[in-house]
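J.: Input structure: work-v3.csv, which contains CSV, C-alpha atoms.
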chain,number,residue,atom,x,y,z
A,102,MET,CA,-20.9,6.3,-10.1
A,103,MET,CA,-20.4,4.3,-6.9
A,104,SER,CA,-17.6,1.8,-6.9
A,105,PHE,CA,-18.5,-1.9,-7.0
A,106,PRO,CA,-17.2,-2.7,-3.5
A,107,PHE,CA,-19.1,0.3,-2.0
A,108,THR,CA,-22.3,-0.7,-3.9
A,109,TYR,CA,-22.0,-4.3,-2.7
A,110,SER,CA,-21.6,-3.1,0.9
A,111,MET,CA,-24.6,-0.8,0.5
A,112,LEU,CA,-26.6,-3.7,-0.8
A,113,ILE,CA,-25.8,-5.9,2.2
A,114,ALA,CA,-26.5,-3.1,4.6
A,115,THR,CA,-29.8,-2.3,2.9
A,116,VAL,CA,-31.0,-5.9,3.0
A,117,VAL,CA,-30.0,-6.4,6.7
A,118,SER,CA,-31.4,-3.0,7.8
A,119,MET,CA,-34.7,-3.7,6.0
A,120,ALA,CA,-35.0,-7.2,7.6
A,121,VAL,CA,-34.3,-5.8,11.1
A,122,LEU,CA,-36.7,-2.9,10.6
A,123,LEU,CA,-39.5,-5.3,9.5
A,124,LEU,CA,-38.9,-7.5,12.6
A,125,CYS,CA,-39.0,-4.5,14.9
A,126,LEU,CA,-42.0,-2.9,13.3
A,127,ARG,CA,-43.8,-6.3,13.2
A,128,PHE,CA,-43.4,-6.5,17.0
A,129,VAL,CA,-44.7,-3.0,17.5
A,130,ALA,CA,-47.7,-3.6,15.2
A,131,LEU,CA,-48.7,-6.7,17.2
A,132,LYS,CA,-48.5,-4.7,20.4
A,133,THR,CA,-50.4,-1.7,19.1
A,134,GLY,CA,-53.1,-3.4,17.0
A,135,LEU,CA,-51.8,-2.2,13.6
A,136,VAL,CA,-52.9,-5.4,11.9
A,137,ASP,CA,-55.1,-6.6,9.1
A,138,VAL,CA,-58.0,-8.5,10.6
A,139,PRO,CA,-59.4,-11.4,8.5
A,140,ASN,CA,-62.9,-11.0,7.0
A,141,SER,CA,-64.9,-12.6,4.2
A,142,ARG,CA,-62.8,-10.9,1.5
A,143,LYS,CA,-59.4,-11.8,3.1
A,144,ILE,CA,-57.5,-15.0,2.4
A,145,HIS,CA,-55.5,-15.1,5.6
A,146,GLN,CA,-56.9,-16.6,8.8
A,147,GLU,CA,-55.2,-14.5,11.5
A,148,PRO,CA,-54.3,-10.9,12.1
A,149,ILE,CA,-51.2,-9.8,10.1
A,150,PRO,CA,-49.0,-6.7,10.9
A,151,LEU,CA,-49.5,-3.8,8.4
A,152,VAL,CA,-45.9,-2.4,8.6
A,153,GLY,CA,-44.4,-3.2,5.2
A,154,GLY,CA,-45.2,0.2,3.8
A,155,LEU,CA,-43.8,2.0,6.8
A,156,ALA,CA,-40.6,0.0,6.7
A,157,LEU,CA,-40.2,0.8,3.0
A,158,PHE,CA,-40.8,4.5,3.5
A,159,VAL,CA,-38.2,4.7,6.3
A,160,MET,CA,-35.7,2.9,4.1
A,161,ALA,CA,-36.5,5.1,1.1
A,162,VAL,CA,-35.8,8.2,3.1
A,163,GLY,CA,-32.7,6.7,4.7
A,164,LEU,CA,-31.2,5.6,1.3
A,165,LEU,CA,-32.0,8.9,-0.3
A,166,THR,CA,-30.4,10.8,2.6
A,167,LEU,CA,-27.2,8.7,2.2
A,168,SER,CA,-27.1,9.4,-1.6
A,169,ASN,CA,-24.5,11.9,-2.7
A,170,ASN,CA,-26.8,13.3,-5.4
A,171,VAL,CA,-30.3,14.2,-4.1
A,172,ASN,CA,-31.9,16.2,-6.9
A,173,VAL,CA,-35.0,18.4,-6.5
A,174,PHE,CA,-37.3,15.9,-7.9
A,175,SER,CA,-36.3,13.0,-5.7
A,176,PHE,CA,-36.3,15.2,-2.6
A,177,TYR,CA,-39.9,16.4,-3.1
A,178,LEU,CA,-41.0,13.0,-4.3
A,179,ILE,CA,-40.1,11.5,-0.9
A,180,LEU,CA,-41.4,14.5,1.0
A,181,ALA,CA,-44.8,14.2,-0.7
A,182,ALA,CA,-44.8,10.4,-0.4
A,183,GLY,CA,-44.7,11.0,3.4
A,184,MET,CA,-48.2,12.5,3.1
A,185,VAL,CA,-49.4,9.5,1.2
A,186,VAL,CA,-47.9,7.1,3.8
A,187,VAL,CA,-49.6,9.0,6.7
A,188,VAL,CA,-53.1,8.8,5.1
A,189,GLY,CA,-52.4,5.2,4.3
A,190,LEU,CA,-51.6,4.4,7.9
A,191,LEU,CA,-54.8,6.3,9.0
A,192,ASP,CA,-56.7,4.3,6.5
A,193,ASP,CA,-55.2,1.0,7.8
A,194,LEU,CA,-56.3,2.0,11.3
A,195,PHE,CA,-59.6,3.8,10.7
A,196,GLN,CA,-60.8,2.8,7.2
A,197,LEU,CA,-61.0,6.3,5.7
A,198,SER,CA,-63.3,7.1,2.9
A,199,ALA,CA,-62.1,7.2,-0.7
A,200,LEU,CA,-62.5,11.0,-0.7
A,201,TRP,CA,-59.9,11.4,2.0
A,202,ARG,CA,-57.4,9.2,0.1
A,203,PHE,CA,-57.9,10.9,-3.2
A,204,THR,CA,-57.6,14.4,-1.6
A,205,ILE,CA,-54.3,13.6,0.0
A,206,GLN,CA,-53.0,12.0,-3.2
A,207,ILE,CA,-53.9,15.1,-5.2
A,208,LEU,CA,-52.3,17.4,-2.7
A,209,ALA,CA,-49.1,15.3,-2.6
A,210,SER,CA,-49.0,15.4,-6.4
A,211,LEU,CA,-49.4,19.1,-6.4
A,212,VAL,CA,-46.4,19.4,-4.0
A,213,VAL,CA,-44.2,17.4,-6.5
A,214,ILE,CA,-45.5,19.5,-9.5
A,215,TYR,CA,-45.1,22.9,-7.8
A,216,PHE,CA,-41.7,22.4,-6.2
A,217,SER,CA,-39.9,20.2,-8.8
A,218,ASP,CA,-41.8,21.3,-12.0
A,219,VAL,CA,-42.1,17.7,-13.1
A,220,GLN,CA,-45.4,17.0,-14.9
A,221,LEU,CA,-46.9,15.6,-18.1
A,222,THR,CA,-46.4,18.2,-20.8
A,223,THR,CA,-46.9,16.0,-23.8
A,224,PHE,CA,-48.4,12.6,-24.8
A,225,GLY,CA,-46.1,12.5,-27.8
A,226,TYR,CA,-47.3,11.4,-31.2
A,227,LEU,CA,-50.1,9.3,-29.7
A,228,LEU,CA,-52.7,9.5,-32.4
A,229,TYR,CA,-50.8,10.0,-35.6
A,230,SER,CA,-47.3,10.8,-36.7
A,231,GLU,CA,-47.8,14.5,-37.5
A,232,TRP,CA,-49.3,15.7,-34.2
A,233,ASP,CA,-47.3,16.0,-31.0
A,234,MET,CA,-50.0,16.1,-28.3
A,235,GLN,CA,-48.9,19.0,-26.1
A,236,LEU,CA,-51.1,19.2,-23.0
A,237,ALA,CA,-50.7,23.0,-22.4
A,238,VAL,CA,-53.2,24.2,-19.8
A,239,PHE,CA,-54.4,20.7,-19.2
A,240,SER,CA,-50.9,19.5,-18.1
A,241,ILE,CA,-51.5,19.7,-14.3
A,242,PRO,CA,-55.0,18.1,-14.2
A,243,ILE,CA,-54.0,15.3,-16.6
A,244,THR,CA,-50.8,14.7,-14.6
A,245,ILE,CA,-52.8,14.4,-11.4
A,246,PHE,CA,-55.4,12.1,-13.0
A,247,GLY,CA,-52.7,9.8,-14.3
A,248,VAL,CA,-50.7,9.7,-11.1
A,249,VAL,CA,-53.8,9.0,-9.0
A,250,GLY,CA,-54.9,6.4,-11.5
A,251,VAL,CA,-51.6,4.5,-11.2
A,252,ILE,CA,-51.5,4.8,-7.4
A,253,ASN,CA,-54.9,3.2,-7.1
A,254,ALA,CA,-54.2,0.6,-9.8
A,255,LEU,CA,-51.3,-0.6,-7.7
A,256,ASN,CA,-53.3,-0.3,-4.5
A,257,MET,CA,-56.0,-2.6,-6.0
A,258,ALA,CA,-53.3,-5.1,-7.0
A,259,ASP,CA,-52.6,-5.6,-3.3
A,260,GLY,CA,-54.7,-8.7,-3.0
A,261,ILE,CA,-52.3,-11.7,-2.6
A,262,ASP,CA,-48.9,-12.0,-0.9
A,263,GLY,CA,-46.2,-10.1,-2.8
A,264,LEU,CA,-48.3,-9.0,-5.7
A,265,ALA,CA,-48.3,-5.2,-5.1
A,266,ALA,CA,-44.5,-5.2,-4.4
A,267,MET,CA,-43.7,-7.2,-7.5
A,268,THR,CA,-46.0,-5.0,-9.6
A,269,PHE,CA,-43.8,-2.1,-8.5
A,270,ILE,CA,-40.5,-4.0,-8.8
A,271,SER,CA,-40.9,-5.1,-12.5
A,272,PRO,CA,-41.4,-1.7,-14.1
A,273,VAL,CA,-38.8,0.0,-11.9
A,274,LEU,CA,-36.2,-2.6,-13.0
A,275,ALA,CA,-37.2,-1.7,-16.6
A,276,LEU,CA,-36.6,2.0,-15.9
A,277,VAL,CA,-33.2,1.2,-14.4
A,278,PHE,CA,-32.4,-0.8,-17.5
A,279,LEU,CA,-33.3,2.2,-19.7
A,280,SER,CA,-31.8,5.0,-17.6
A,281,SER,CA,-28.3,6.2,-17.5
A,282,GLU,CA,-28.7,8.3,-14.3
A,283,ALA,CA,-26.2,6.2,-12.3
A,284,THR,CA,-26.7,7.6,-8.8
A,285,PHE,CA,-30.5,7.6,-9.1
A,286,ASN,CA,-30.4,4.1,-10.5
A,287,VAL,CA,-28.5,2.9,-7.4
A,288,TRP,CA,-31.2,4.4,-5.2
A,289,LEU,CA,-33.9,2.7,-7.2
A,290,LEU,CA,-32.0,-0.7,-7.1
A,291,LEU,CA,-31.6,-0.4,-3.3
A,292,LEU,CA,-35.3,0.4,-3.0
A,293,VAL,CA,-36.1,-2.7,-5.1
A,294,CYS,CA,-33.9,-4.7,-2.8
A,295,CYS,CA,-36.0,-3.4,0.2
A,296,ALA,CA,-39.2,-4.4,-1.7
A,297,LEU,CA,-37.8,-7.9,-2.3
A,298,VAL,CA,-36.9,-8.3,1.4
A,299,PHE,CA,-40.6,-7.4,2.1
A,300,VAL,CA,-41.7,-10.0,-0.4
A,301,VAL,CA,-39.7,-12.6,1.4
A,302,PHE,CA,-41.2,-11.7,4.8
A,303,ASN,CA,-44.6,-11.6,3.1
A,304,GLN,CA,-44.3,-15.2,2.0
A,305,THR,CA,-43.3,-16.6,5.4
A,306,LYS,CA,-45.8,-17.8,8.0
A,307,ARG,CA,-44.0,-17.0,11.2
A,308,PHE,CA,-42.8,-13.5,10.2
A,309,LYS,CA,-45.5,-12.5,7.7
A,310,VAL,CA,-46.2,-8.8,7.2
A,311,PHE,CA,-48.4,-6.9,4.8
A,312,LEU,CA,-47.8,-3.6,3.0
A,313,GLY,CA,-51.0,-2.1,4.2
A,314,ASP,CA,-52.6,0.8,2.3
A,315,SER,CA,-49.6,2.9,3.5
A,316,GLY,CA,-47.3,0.6,1.5
A,317,SER,CA,-49.3,0.0,-1.6
A,318,LEU,CA,-50.1,3.8,-1.9
A,319,LEU,CA,-46.4,4.6,-1.4
A,320,LEU,CA,-45.2,2.2,-4.1
A,321,GLY,CA,-47.9,3.5,-6.4
A,322,PHE,CA,-47.0,7.1,-5.8
A,323,ILE,CA,-43.3,6.5,-6.4
A,324,LEU,CA,-43.9,4.4,-9.5
A,325,SER,CA,-46.3,6.9,-11.1
A,326,TRP,CA,-44.0,9.8,-10.6
A,327,LEU,CA,-41.0,7.8,-12.0
A,328,LEU,CA,-43.1,7.2,-15.1
A,329,VAL,CA,-43.7,10.9,-15.4
A,330,TYR,CA,-40.1,11.9,-14.7
A,331,PHE,CA,-38.6,9.5,-17.2
A,332,SER,CA,-41.1,10.2,-20.0
A,333,GLN,CA,-41.0,14.0,-20.1
A,334,GLY,CA,-38.5,16.8,-20.9
A,335,SER,CA,-34.8,16.6,-20.5
A,336,THR,CA,-34.9,13.5,-18.2
A,337,ALA,CA,-37.0,11.5,-20.7
A,338,ILE,CA,-35.6,8.0,-21.5
A,339,MET,CA,-38.8,6.6,-23.0
A,340,LYS,CA,-41.8,7.8,-24.9
A,341,PRO,CA,-45.0,8.6,-22.9
A,342,VAL,CA,-46.7,5.6,-24.5
A,343,THR,CA,-44.0,3.3,-23.2
A,344,ALA,CA,-45.1,4.1,-19.6
A,345,LEU,CA,-48.5,2.6,-20.5
A,346,TYR,CA,-46.9,-0.7,-21.3
A,347,LEU,CA,-44.8,-0.7,-18.0
A,348,VAL,CA,-48.1,-0.6,-16.0
A,349,ALA,CA,-50.4,-2.3,-18.6
A,350,LEU,CA,-51.5,-5.2,-16.4
A,351,PRO,CA,-52.6,-3.3,-13.3
A,352,VAL,CA,-54.2,-0.6,-15.5
A,353,TYR,CA,-56.1,-3.2,-17.5
A,354,ASP,CA,-57.2,-5.0,-14.3
A,355,THR,CA,-58.3,-1.8,-12.6
A,356,ILE,CA,-60.4,-0.6,-15.6
A,357,PHE,CA,-62.0,-4.1,-16.0
A,358,VAL,CA,-62.9,-4.4,-12.3
A,359,MET,CA,-64.3,-0.8,-12.2
A,360,LEU,CA,-66.4,-1.4,-15.3
A,361,ARG,CA,-67.8,-4.7,-13.9
A,362,ARG,CA,-68.8,-2.9,-10.7
A,363,ILE,CA,-70.5,0.0,-12.6
A,364,PHE,CA,-72.4,-2.4,-14.8
A,365,ALA,CA,-73.5,-4.3,-11.7
A,366,GLY,CA,-74.9,-1.1,-10.3
A,367,ASN,CA,-72.2,-0.8,-7.6
A,368,SER,CA,-69.7,1.9,-6.7
A,369,PRO,CA,-66.5,1.5,-8.7
A,370,PHE,CA,-64.6,1.9,-5.5
A,371,LYS,CA,-66.5,-0.8,-3.6
A,372,PRO,CA,-64.1,-3.8,-2.9
A,373,ASP,CA,-65.0,-7.2,-4.3
A,374,ASN,CA,-63.4,-10.4,-5.6
A,375,THR,CA,-63.3,-9.7,-9.3
A,376,HIS,CA,-59.6,-8.9,-9.8
A,377,LEU,CA,-57.5,-11.1,-12.1
A,378,HIS,CA,-55.7,-12.7,-9.2
A,379,HIS,CA,-59.1,-13.7,-7.8
A,380,LEU,CA,-59.9,-15.3,-11.1
A,381,PHE,CA,-56.7,-17.4,-11.0
A,382,LEU,CA,-57.5,-18.4,-7.4
A,383,SER,CA,-61.0,-19.4,-8.3
A,384,TYR,CA,-59.7,-21.7,-10.9
A,385,GLY,CA,-57.6,-23.5,-8.3
A,386,CYS,CA,-54.3,-21.8,-8.6
A,387,SER,CA,-52.3,-21.4,-5.3
A,388,GLN,CA,-51.2,-17.9,-4.2
A,389,ILE,CA,-47.6,-18.5,-5.3
A,390,LYS,CA,-48.7,-19.8,-8.7
A,391,THR,CA,-51.1,-16.9,-9.1
A,392,LEU,CA,-48.3,-14.5,-8.2
A,393,ILE,CA,-46.0,-16.0,-10.8
A,394,LEU,CA,-48.7,-15.9,-13.5
A,395,MET,CA,-49.5,-12.3,-12.8
A,396,ILE,CA,-45.8,-11.1,-12.8
A,397,ALA,CA,-45.2,-13.2,-16.0
A,398,LEU,CA,-48.0,-11.4,-17.7
A,399,GLN,CA,-46.8,-8.0,-16.5
A,400,VAL,CA,-43.3,-8.8,-17.8
A,401,VAL,CA,-44.7,-9.7,-21.2
A,402,PHE,CA,-46.2,-6.2,-21.5
A,403,ILE,CA,-43.1,-4.5,-20.2
A,404,VAL,CA,-40.8,-6.4,-22.6
A,405,LEU,CA,-43.2,-5.5,-25.5
A,406,GLY,CA,-43.0,-1.8,-24.6
A,407,VAL,CA,-39.2,-1.9,-24.3
A,408,VAL,CA,-38.9,-3.7,-27.6
A,409,PHE,CA,-41.1,-1.1,-29.3
A,410,LEU,CA,-39.1,1.7,-27.8
A,411,LYS,CA,-35.7,0.2,-28.8
A,412,ASN,CA,-37.0,-0.5,-32.3
A,413,GLY,CA,-38.4,3.0,-32.7
A,414,SER,CA,-41.9,1.8,-33.5
A,415,PRO,CA,-44.4,4.6,-34.2
A,416,GLU,CA,-46.0,5.8,-31.0
A,417,TYR,CA,-49.5,5.9,-32.4
A,418,TYR,CA,-49.1,2.2,-33.5
A,419,GLN,CA,-48.1,1.3,-30.0
A,420,PHE,CA,-51.1,3.2,-28.5
A,421,TYR,CA,-53.7,1.7,-30.8
A,422,LEU,CA,-52.2,-1.8,-30.1
A,423,PHE,CA,-52.5,-1.0,-26.3
A,424,CYS,CA,-56.1,0.0,-26.8
A,425,PHE,CA,-56.8,-3.1,-28.9
A,426,MET,CA,-55.2,-5.4,-26.2
A,427,SER,CA,-57.3,-3.7,-23.5
A,428,VAL,CA,-60.5,-4.7,-25.4
A,429,VAL,CA,-59.2,-8.3,-25.9
A,430,TYR,CA,-58.3,-8.4,-22.2
A,431,TYR,CA,-61.8,-7.4,-21.2
A,432,LEU,CA,-63.6,-9.8,-23.5
A,433,ILE,CA,-61.4,-12.8,-22.4
A,434,LEU,CA,-61.8,-12.0,-18.7
A,435,GLN,CA,-65.5,-11.5,-19.1
A,436,ARG,CA,-65.9,-14.9,-20.7
A,437,LEU,CA,-63.7,-16.6,-18.1
A,438,TRP,CA,-65.8,-15.1,-15.2
A,439,GLU,CA,-69.0,-16.3,-16.9
A,440,ARG,CA,-67.6,-19.8,-17.3
A,441,ASN,CA,-66.5,-19.7,-13.7
A,442,GLN,CA,-69.9,-18.7,-12.5
A,443,GLU,CA,-71.6,-21.4,-14.6
A,444,SER,CA,-69.4,-24.2,-13.3
Would it be possible to restate this file's structure as structure tokens?

T.:
Amino acid sequence: MMSFPFTYSMLIATVVSMAVLLLCLRFVALKTGLVDVPNSRKIHQEPIPLVGGLALFVMAVGLLTLSNNVNVFSFYLILAAGMVVVVGLLDDLFQLSALWRFTIQILASLVVIYFSDVQLTTFGYLLYSEWDMQLAVFSIPITIFGVVGVINALNMADGIDGLAAMTFISPVLALVFLSSEATFNVWLLLLVCCALVFVVFNQTKRFKVFLGDSGSLLLGFILSWLLVYFSQGSTAIMKPVTALYLVALPVYDTIFVMLRRIFAGNSPFKPDNTHLHHLFLSYGCSQIKTLILMIALQVVFIVLGVVFLKNGSPEYYQFYLFCFMSVVYYLILQRLWERNQES
């Protein structure tokens, strides 16, 4: 494990490097037009540089390169993440179709699966205590479905300043708490520090930057594969059902929004203003208050999952509770939106 003085120095160097990188990339973005232009769905009033994701990727590569223990999984994770970042940048610039984004996400996931052999092989005792749900021939397609789902759940959370980054930070900190892989944990903590530096820039007016699709897709890609890595095989530190609790809020929100769009006769991928953070804003909450409420809710689900794990609660019990809470979530939000529209 890294010594405390060295880790402390790495922390300072990481924070400073990330800040400098964001300032430099912000300047380049303003010169080249890599900015988010305001429209009817956007809250901001002026073009904002879309360089947060690119800065995070550069730092993630740099920090991993400096690590003295780059395992096969982390190497191919970052290599494949580069594919996601590129398509995200192209999407920021040219507004690619959902098909293009999904195709690259699937190909990037196949790279991780093929070269690192990390994938979902079991759901654990998800339905009852006597049946370990081995995925067998369905392992790869279910893994890809789950990874792409988490990626886009986090991408959809990127609606107010700092939300996508904090949605990434909270479960990663939980994984660090649960894990004993010291060197890997240091990399994750330094990556969290980079994300926090971005959040600080994201909250300012003079130096504001956005993640862009490149950033939200990157964070979603890394998070989804960390959940797979830490819930399967010899590297497992949690049950597969625990992963659901770590991303419960973005998953609930994504399913709710997509169902509302489908019931309204629209494409589930058509952007609108029906996310949970939009609901808080419509009730008069400020962006910062909305961010705090969202993260507080996410932390509640994360703590619940960790407590269940530590107490050895039956996995099927956790899963049925997760499903029950999803129904409660849908009914409550449906009613709140109806009241909002009536007022």

J.: Give as a PyMOL selection string every residue, naming chains and numbers as the document does, that has an atom within 12 Å of (-38.5, -5.0, -0.9), counting all atoms listed in the file.

T.: chain A and resi 112+115-120+122-123+153-158+160-161+263-271+289-303+310-312+316-317+320

J.: Suppose you want the space between atom CA of A:Phe174 and atom CA of A:Phe285; what is it in Å?

T.: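 According to the coordinates, atom CA of A:Phe174 and atom CA of A:Phe285 are separated by 10.8 Å.
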
J.: Identify, on the basis of all atoms listed in the file, every residue whose closest approach to A:Glu231 does not exceed 12 Å; exclude the query and any residue fewer than 6 positions from it along the same chain; express the result as a list of chain:residue names.

T.: A:Gly225, A:Pro415, A:Glu416, A:Tyr417

J.: If we count only C-alpha atoms and set the cut-off at 9 Å, which residues sit around A:Leu279, ignoring sequence neighbours fewer than 3 positions away in its own chain? Please answer as a ChimeraX atom specification.

T.: /A:274-276,338-339,407

J.: Quick one: residues within 12 Å of (-62.1, 7.9, -4.9) (file frame), counting all atoms listed in the file, please, as a PyMOL selection string.

T.: chain A and resi 197-207+246+249-250+252-254+359+368-371

J.: Mind giving me the straight-line distance from atom CA of A:Gly163 to atom CA of A:Val273 in Å, one decimal?

T.: 18.9 Å

J.: Rank A:Cys424, A:His378, A:Met184, A:Pro272 by their smallest atom-to-atom distance to A:Met395, using all atoms listed in the file, and report the top residue only.

T.: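 For A:Met395, the nearest of the given residues is A:His378.
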
J.: A:Leu194: which residues within 9 Å, counting all atoms listed in the file, same-chain residues fewer than 5 positions away excluded, as an NGL selection string?

T.: :A and (134-137 or 189)

J.: Which is closer to A:Gln220 than all the others in A:Ala182, A:Val329, A:Met257, A:Ala114, using all atoms listed in the file?

T.: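 That would be A:Val329, the residue with the smallest distance to A:Gln220.
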
J.: Record the distance separating atom CA of A:Phe224 and atom CA of A:Ala237, expressed in Å with one decimal.

T.: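 Distance reported for this atom pair: 10.9 Å.
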
J.: Excluding same-chain residues fewer than 2 positions from A:Leu131, what lies within 12 Å of it counting all atoms listed in the file, as a list in words?

T.: Leu124, Cys125, Leu126, Arg127, Phe128, Val129, Thr133, Gly134, Leu135, Val136, Asp137, Val138, Glu147, Pro148, Ile149, Pro150, Leu151, Val152, Phe308, Lys309 and Val310 of chain A

J.: Skipping near chain neighbours, those fewer than 5 positions away, what residues fall within 12 Å of A:Tyr215 using all atoms listed in the file, listed as a PyMOL selection string?

T.: chain A and resi 173-174+177-178+181+208-210+220+241

J.: Using only C-alpha atoms, can you tell me which of A:Lys411, A:His376, A:Lys340, A:Lys390 comes closest to A:Val352?

T.: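 Smallest separation from A:Val352 among the options: A:His376.
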
J.: Save stretch 300-318 of chain A to a file: C-alpha atoms, as a PDB file, in the first residue's frame.

T.:
ATOM      1  CA  VAL A 300     -17.994  19.528  -9.433  1.00  0.00           C
ATOM      2  CA  VAL A 301     -16.344  22.640  -7.978  1.00  0.00           C
ATOM      3  CA  PHE A 302     -15.773  24.091 -11.459  1.00  0.00           C
ATOM      4  CA  ASN A 303     -19.299  23.051 -12.406  1.00  0.00           C
ATOM      5  CA  GLN A 304     -20.737  25.157  -9.579  1.00  0.00           C
ATOM      6  CA  THR A 305     -18.871  28.355 -10.445  1.00  0.00           C
ATOM      7  CA  LYS A 306     -20.081  31.020 -12.879  1.00  0.00           C
ATOM      8  CA  ARG A 307     -16.792  32.313 -14.250  1.00  0.00           C
ATOM      9  CA  PHE A 308     -15.113  28.925 -14.829  1.00  0.00           C
ATOM     10  CA  LYS A 309     -18.150  26.682 -15.340  1.00  0.00           C
ATOM     11  CA  VAL A 310     -17.684  23.536 -17.425  1.00  0.00           C
ATOM     12  CA  PHE A 311     -19.994  20.632 -18.205  1.00  0.00           C
ATOM     13  CA  LEU A 312     -19.215  16.928 -18.400  1.00  0.00           C
ATOM     14  CA  GLY A 313     -20.816  16.618 -21.807  1.00  0.00           C
ATOM     15  CA  ASP A 314     -21.945  13.229 -23.085  1.00  0.00           C
ATOM     16  CA  SER A 315     -18.280  12.203 -23.200  1.00  0.00           C
ATOM     17  CA  GLY A 316     -18.081  12.661 -19.438  1.00  0.00           C
ATOM     18  CA  SER A 317     -21.389  11.213 -18.333  1.00  0.00           C
ATOM     19  CA  LEU A 318     -20.896   8.171 -20.597  1.00  0.00           C
TER      20      LEU A 318
END
